[in-house]
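Below: the structure, in structure tokens.
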Amino acid sequence: MGRGWGFLFGLLGAVWLLSSGHGEEQPPETAAQRCFCQVSGYLDDCTCDVETIDRFNNYRLFPRLQKLLESDYFRYYKVNLKRPCPFWNDISQCGRRDCAVKPCQSDEVPDGIKSASYKYSEEANNLIEECEQAERLGAVDESLSEETQKAVLQWTKHDDSSDNFCEADDIQSPEAEYVDLLLNPERYTGYKGPDAWKIWNVIYEENCFKPQTIKRPLNPLASGQGKSEENTFYSWLEGLCVEKRAFYRLISGLHASINVHLSARYLLQETWLEKKWGHNITEFQQRFDGILTEGEGPRRLKNLYFLYLIELRALSKVLPFFERPDFQLFTGNKIQDEENKMLLLEILHEIKSFPLHFDENSFFAGDKKEAHKLKEDFRLHFRNISRIMDCVGCFKCRLWGKLQTQGLGTALKILFSEKLIANMPESGPSYEFHLTRQEIVSLFNAFGRISTSVKELENFRNLLQNIH
Ligand SMILES: *[C@@H]1O[C@H](CO)[C@@H](O)[C@H](O)[C@H]1NC(C)=O
Ligand SMILES: *[C@@H]1O[C@H](CO)[C@@H](O)[C@H](O)[C@H]1NC(C)=O
């Protein structure tokens, strides 16, 4: 099992060598060791170790981030959950109670969020100014004039074509609604079976750069993974360029994070009076135990840390955008908005101080033409995954799936934006670089999920400590 690691993450071999010695002296004993013994030391494809991330996240970042995400600006997310699946006829599981998403009543969402641009549009007597205001506030709203909406849409399209990793959700649509994320937490819903399986399957099989010649299913949920095929698979993965391997690892990390949430917020007990949600150790072990998953579990957890580092790096890089004096987390409550911005900047400075940031310059760095093509490929694949989220049959899962892919897409946009790169590092992002409110809310909430998962791993580690 220890050797299996080498196949998967061989590329930055020097880093790998430092960690491959772990776990070989003594056979793992407790359940905690079976999940975590390999999830320690240096991570692959970067120069960072798990323990540093744990300490940094669990004690310094996580509590403050939670506080920020409870604020009005971040808790209301506008989303269209009713878009039809573009790839097949979806079998909806919307009937499941735990899948339901309760949208906000219109009076629940602060006016400032709903129509942040409205108060400017009345005063604005020229189209451009109006657009600029709307852009700056990251708010495009029904209350804008039709002309302005068109202009903003055009601008959005332009931005899309150059930078975006996600299909822009049609939040202008009358079907888009505000959702209070605090009232609709990501947790166990009972959504499983062929429908749920199919989602992950098409993501892994049709969207992760897998060549026809590889027979082994990438989908970790698929059965019948023969040992010999496994070797082919990992040597294939090792042979991939760092970007395509990263793509797979990001998807796998997202999958792992979602599963950590489902295991940590499992529906343990249900009476007609109340529901009890909490940690289900068995569920966690079935997904992450090294033996029960034939070595896959610890790999998935490492991919979770990889995803964490990617998003962390994006946040540190985008700090100058949020530091602009004219940027506000606008909800209409002036005092609250200013406090929130201070907290946001505090968090971002903390993130910037993290000593072992991922170096994204190793990505798309080769021959210019090839790198460009690769980046384009990467983007198209990722966009496609954001569209697949409209096929998720359980609304609750669709909500969090859409939010997290949009958040990760935003992180990738930050990391690889030409507009950012052209202006880094001294001057910060140029005014051409822009994030909408949607992108900002999803970026931080998506990172909040990954941060929560890392924190939950500590809880599971403790719970598994004495189990054999
Ligand atoms: C997008 O995903 C669908 C469903 O998995 C797949 O059939 C299609 O080939 C993908 N398209 C691209 C451009 O990757
Ligand atoms: C925990 O999850 C397992 C499936 O992994 C399930 O069989 C079991 O009933 C769950 N335990 C509780 C207390 O719900």
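Just so we're on the same page: first chain in the structure tokens is A, next is B, and so on; residues restart at 1 for each chain, and ligands are numbered from 1 in the order they show up.
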
Output as JSON lines one row per residue of chain A within 8 Å of ligand 1: the closest atom pair and its distance in Å to one decimal place, counting only C-alpha atoms and all ligand atoms, sorted by chain and residue number ascending.
```
{"residue": "A:Phe87", "atom": "CA", "partner": "ligand 1", "partner_atom_place_in_ligand_line": "4 (C)", "distance": 5.8}
{"residue": "A:Val202", "atom": "CA", "partner": "ligand 1", "partner_atom_place_in_ligand_line": "5 (O)", "distance": 4.4}
{"residue": "A:Ile203", "atom": "CA", "partner": "ligand 1", "partner_atom_place_in_ligand_line": "5 (O)", "distance": 6.0}
{"residue": "A:Glu205", "atom": "CA", "partner": "ligand 1", "partner_atom_place_in_ligand_line": "5 (O)", "distance": 7.6}
{"residue": "A:Glu206", "atom": "CA", "partner": "ligand 1", "partner_atom_place_in_ligand_line": "5 (O)", "distance": 5.0}
{"residue": "A:Asn207", "atom": "CA", "partner": "ligand 1", "partner_atom_place_in_ligand_line": "14 (O)", "distance": 5.5}
{"residue": "A:Leu380", "atom": "CA", "partner": "ligand 1", "partner_atom_place_in_ligand_line": "13 (C)", "distance": 6.2}
{"residue": "A:His381", "atom": "CA", "partner": "ligand 1", "partner_atom_place_in_ligand_line": "14 (O)", "distance": 5.1}
{"residue": "A:Asn384", "atom": "CA", "partner": "ligand 1", "partner_atom_place_in_ligand_line": "1 (C)", "distance": 4.9}
{"residue": "A:Ile385", "atom": "CA", "partner": "ligand 1", "partner_atom_place_in_ligand_line": "2 (O)", "distance": 6.7}
{"residue": "A:Arg387", "atom": "CA", "partner": "ligand 1", "partner_atom_place_in_ligand_line": "1 (C)", "distance": 7.8}
{"residue": "A:Ile388", "atom": "CA", "partner": "ligand 1", "partner_atom_place_in_ligand_line": "2 (O)", "distance": 6.7}
```

Exercise for the section: Please provide the set of residues having any atom within 10 Å of range 336-351 of chain A, restricted to only C-alpha atoms, with same-chain residues fewer than 6 positions apart removed, written as a VMD selection string. Expected result: chain A and resid 56 to 57 60 to 62 64 to 65 67 to 69 71 to 74 312 to 320 322 to 323 327 to 330 357 444

Tell me, as a short mmCIF file (atom, residue, chain, number, x, y, z; two decimals) with N, CA, C and O atoms, in the first residue's frame, which residues lie within 10 Å of range 405-417 of chain A, counting only C-alpha atoms; anything in the same chain fewer than 5 positions away does not count.
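Saved as out-v8.cif:
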```
data_model
loop_
_atom_site.label_atom_id
_atom_site.label_comp_id
_atom_site.auth_asym_id
_atom_site.auth_seq_id
_atom_site.Cartn_x
_atom_site.Cartn_y
_atom_site.Cartn_z
N SER A 162 -12.82 35.10 -21.83
CA SER A 162 -11.38 35.15 -21.62
C SER A 162 -10.92 34.45 -20.35
O SER A 162 -9.83 33.89 -20.31
N ASP A 163 -11.71 34.49 -19.33
CA ASP A 163 -11.18 34.10 -18.02
C ASP A 163 -11.93 33.01 -17.27
O ASP A 163 -11.36 32.32 -16.45
N ASN A 164 -13.22 32.90 -17.53
CA ASN A 164 -14.03 32.12 -16.61
C ASN A 164 -13.89 30.61 -16.77
O ASN A 164 -13.82 30.10 -17.87
N PHE A 165 -13.93 29.95 -15.64
CA PHE A 165 -13.86 28.50 -15.62
C PHE A 165 -15.23 27.89 -15.43
O PHE A 165 -15.38 26.68 -15.40
N CYS A 166 -16.23 28.72 -15.24
CA CYS A 166 -17.56 28.18 -15.02
C CYS A 166 -18.56 28.81 -15.97
O CYS A 166 -18.41 29.96 -16.36
N GLU A 167 -19.55 28.04 -16.29
CA GLU A 167 -20.70 28.57 -17.00
C GLU A 167 -21.33 29.59 -16.06
O GLU A 167 -21.64 29.29 -14.92
N ALA A 168 -21.51 30.83 -16.55
CA ALA A 168 -22.15 31.82 -15.69
C ALA A 168 -23.59 31.39 -15.43
O ALA A 168 -24.32 31.10 -16.36
N ASP A 169 -23.94 31.27 -14.19
CA ASP A 169 -25.30 30.85 -13.87
C ASP A 169 -26.24 31.99 -14.24
O ASP A 169 -25.90 33.16 -14.07
N LEU A 250 -8.14 17.74 -8.13
CA LEU A 250 -9.10 18.73 -7.64
C LEU A 250 -10.49 18.11 -7.55
O LEU A 250 -11.22 18.29 -6.56
N ILE A 251 -10.87 17.38 -8.59
CA ILE A 251 -12.18 16.73 -8.59
C ILE A 251 -12.26 15.71 -7.46
O ILE A 251 -13.23 15.66 -6.71
N LEU A 254 -12.61 17.46 -4.16
CA LEU A 254 -13.97 17.97 -3.96
C LEU A 254 -14.90 16.83 -3.55
O LEU A 254 -15.70 16.96 -2.62
N LEU A 307 -6.59 20.35 -2.88
CA LEU A 307 -7.64 21.32 -3.20
C LEU A 307 -7.58 22.51 -2.24
O LEU A 307 -7.72 23.68 -2.64
N ILE A 310 -4.83 24.86 -3.25
CA ILE A 310 -5.12 25.61 -4.48
C ILE A 310 -6.02 26.80 -4.15
O ILE A 310 -5.77 27.93 -4.57
N GLU A 311 -7.06 26.55 -3.37
CA GLU A 311 -7.97 27.65 -3.04
C GLU A 311 -7.31 28.67 -2.12
O GLU A 311 -7.54 29.87 -2.23
N LEU A 312 -6.49 28.16 -1.22
CA LEU A 312 -5.76 29.06 -0.31
C LEU A 312 -4.86 30.01 -1.10
O LEU A 312 -4.81 31.22 -0.84
N ARG A 313 -4.19 29.46 -2.08
CA ARG A 313 -3.28 30.28 -2.90
C ARG A 313 -4.07 31.34 -3.68
O ARG A 313 -3.64 32.49 -3.78
N ALA A 314 -5.22 30.95 -4.22
CA ALA A 314 -6.04 31.90 -4.97
C ALA A 314 -6.45 33.06 -4.06
O ALA A 314 -6.39 34.23 -4.45
N LEU A 315 -6.83 32.74 -2.83
CA LEU A 315 -7.26 33.79 -1.91
C LEU A 315 -6.12 34.74 -1.58
O LEU A 315 -6.31 35.95 -1.47
N SER A 316 -4.93 34.19 -1.42
CA SER A 316 -3.81 35.08 -1.09
C SER A 316 -3.48 35.97 -2.28
O SER A 316 -3.09 37.12 -2.14
N LYS A 317 -3.70 35.44 -3.46
CA LYS A 317 -3.34 36.19 -4.66
C LYS A 317 -4.33 37.31 -4.98
O LYS A 317 -3.97 38.32 -5.57
N VAL A 318 -5.56 37.14 -4.55
CA VAL A 318 -6.59 38.10 -4.93
C VAL A 318 -6.75 39.21 -3.88
O VAL A 318 -7.55 40.13 -4.03
N ASP A 359 2.77 26.79 -5.59
CA ASP A 359 3.31 27.64 -6.66
C ASP A 359 2.64 27.31 -7.98
O ASP A 359 2.97 26.34 -8.65
N GLU A 360 1.67 28.16 -8.36
CA GLU A 360 0.91 27.86 -9.57
C GLU A 360 1.69 28.18 -10.84
O GLU A 360 1.25 27.88 -11.94
N ASN A 361 2.89 28.76 -10.66
CA ASN A 361 3.66 29.09 -11.86
C ASN A 361 4.16 27.86 -12.60
O ASN A 361 4.58 27.94 -13.75
N PHE A 363 2.27 25.64 -13.49
CA PHE A 363 1.18 25.24 -14.38
C PHE A 363 1.21 26.05 -15.67
O PHE A 363 1.48 27.23 -15.66
N PHE A 364 0.86 25.41 -16.73
CA PHE A 364 0.76 26.07 -18.04
C PHE A 364 2.02 26.87 -18.34
O PHE A 364 1.97 27.99 -18.80
N LYS A 375 -4.46 25.11 -21.30
CA LYS A 375 -5.28 25.91 -20.40
C LYS A 375 -6.72 25.96 -20.91
O LYS A 375 -7.67 25.86 -20.14
N ARG A 379 -9.99 24.58 -19.03
CA ARG A 379 -11.13 25.45 -18.80
C ARG A 379 -12.43 24.82 -19.32
O ARG A 379 -13.45 24.82 -18.64
N PHE A 382 -13.56 22.00 -17.18
CA PHE A 382 -14.12 22.45 -15.91
C PHE A 382 -15.50 23.08 -16.10
O PHE A 382 -16.42 22.86 -15.31
N ARG A 383 -15.64 23.84 -17.16
CA ARG A 383 -16.95 24.44 -17.45
C ARG A 383 -18.00 23.37 -17.64
O ARG A 383 -19.15 23.51 -17.21
N ILE A 385 -18.07 20.54 -16.27
CA ILE A 385 -18.45 19.98 -14.97
C ILE A 385 -19.44 20.90 -14.26
O ILE A 385 -20.38 20.44 -13.62
N SER A 386 -19.25 22.20 -14.44
CA SER A 386 -20.22 23.09 -13.80
C SER A 386 -21.61 22.91 -14.44
O SER A 386 -22.63 23.09 -13.78
N ARG A 387 -21.67 22.52 -15.70
CA ARG A 387 -22.97 22.26 -16.32
C ARG A 387 -23.58 20.95 -15.83
O ARG A 387 -24.79 20.83 -15.68
N MET A 389 -23.53 19.89 -13.00
CA MET A 389 -24.18 20.11 -11.70
C MET A 389 -25.69 20.32 -11.85
O MET A 389 -26.45 20.06 -10.92
N TRP A 400 -25.14 22.80 -3.32
CA TRP A 400 -23.75 22.82 -2.84
C TRP A 400 -22.77 22.43 -3.94
O TRP A 400 -21.63 22.89 -3.96
N ALA A 422 -0.59 39.67 -15.69
CA ALA A 422 0.07 40.81 -16.31
C ALA A 422 0.41 41.90 -15.30
O ALA A 422 1.33 42.67 -15.49
N PRO A 429 -4.03 43.31 -8.91
CA PRO A 429 -4.84 43.13 -10.10
C PRO A 429 -5.22 44.47 -10.70
O PRO A 429 -5.49 45.44 -10.00
N PHE A 433 -9.52 43.39 -13.98
CA PHE A 433 -9.89 42.16 -13.28
C PHE A 433 -11.09 42.43 -12.40
O PHE A 433 -11.18 43.44 -11.72
N HIS A 434 -12.00 41.49 -12.42
CA HIS A 434 -13.26 41.73 -11.74
C HIS A 434 -13.86 40.45 -11.20
O HIS A 434 -13.74 39.40 -11.81
N LEU A 435 -14.48 40.56 -10.04
CA LEU A 435 -15.26 39.44 -9.52
C LEU A 435 -16.67 39.93 -9.21
O LEU A 435 -16.84 41.00 -8.64
N THR A 436 -17.66 39.15 -9.60
CA THR A 436 -19.03 39.51 -9.27
C THR A 436 -19.34 39.09 -7.84
O THR A 436 -18.60 38.31 -7.23
N GLN A 438 -21.62 37.09 -6.95
CA GLN A 438 -21.80 35.64 -7.03
C GLN A 438 -20.47 34.91 -6.86
O GLN A 438 -20.37 33.93 -6.13
N GLU A 439 -19.48 35.39 -7.58
CA GLU A 439 -18.16 34.74 -7.53
C GLU A 439 -17.54 34.89 -6.14
O GLU A 439 -16.93 33.94 -5.63
N ILE A 440 -17.70 36.06 -5.57
CA ILE A 440 -17.11 36.29 -4.25
C ILE A 440 -17.77 35.39 -3.20
O ILE A 440 -17.10 34.73 -2.40
N VAL A 441 -19.10 35.35 -3.23
CA VAL A 441 -19.83 34.53 -2.26
C VAL A 441 -19.47 33.06 -2.43
O VAL A 441 -19.25 32.34 -1.46
N SER A 442 -19.40 32.60 -3.68
CA SER A 442 -19.10 31.18 -3.88
C SER A 442 -17.65 30.87 -3.54
O SER A 442 -17.35 29.82 -2.96
N LEU A 443 -16.74 31.77 -3.87
CA LEU A 443 -15.32 31.54 -3.56
C LEU A 443 -15.11 31.30 -2.07
O LEU A 443 -14.48 30.33 -1.66
N PHE A 444 -15.67 32.19 -1.26
CA PHE A 444 -15.44 32.07 0.18
C PHE A 444 -16.23 30.92 0.81
O PHE A 444 -15.74 30.25 1.71
N ASN A 445 -17.44 30.71 0.32
CA ASN A 445 -18.20 29.59 0.88
C ASN A 445 -17.60 28.25 0.48
O ASN A 445 -17.61 27.31 1.27
N ALA A 446 -17.11 28.16 -0.75
CA ALA A 446 -16.48 26.91 -1.18
C ALA A 446 -15.25 26.65 -0.33
O ALA A 446 -15.04 25.55 0.18
N PHE A 447 -14.44 27.69 -0.13
CA PHE A 447 -13.27 27.50 0.72
C PHE A 447 -13.70 27.16 2.15
O PHE A 447 -13.07 26.34 2.82
#
```

Exercise for the section: Kindly provide, as a count of residues only, all nucleotide and amino acid residues lying within 10 Å of ligand 2, counting only C-alpha atoms and all ligand atoms. Expected result: 19

Practice task
Run DSSP on the backbone and give me the residues of range 336-437 of chain A it puts in helix (DSSP H, G or I), as a PyMOL selection string.
Solution key: chain A and resi 336-352+360-362+368-391+395-416+418-423+437

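Nearest to Gly366 in chain A of all the residues A:Ile199, A:Val109, A:Cys241, A:Arg187 is A:Cys241, based on only C-alpha atoms.
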
Exercise for the section: Go through A:Pro325, A:Pro86, A:Gly448, A:Gly190 and flag the residue nearest Tyr308 in chain A, using only C-alpha atoms for the distances. Expected result: A:Gly448

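For the set A:Leu237, A:Ile171, A:Val242, A:Ala176, the residue with the smallest atom-to-atom gap to Lys82 in chain A is A:Ala176, counting only C-alpha atoms.
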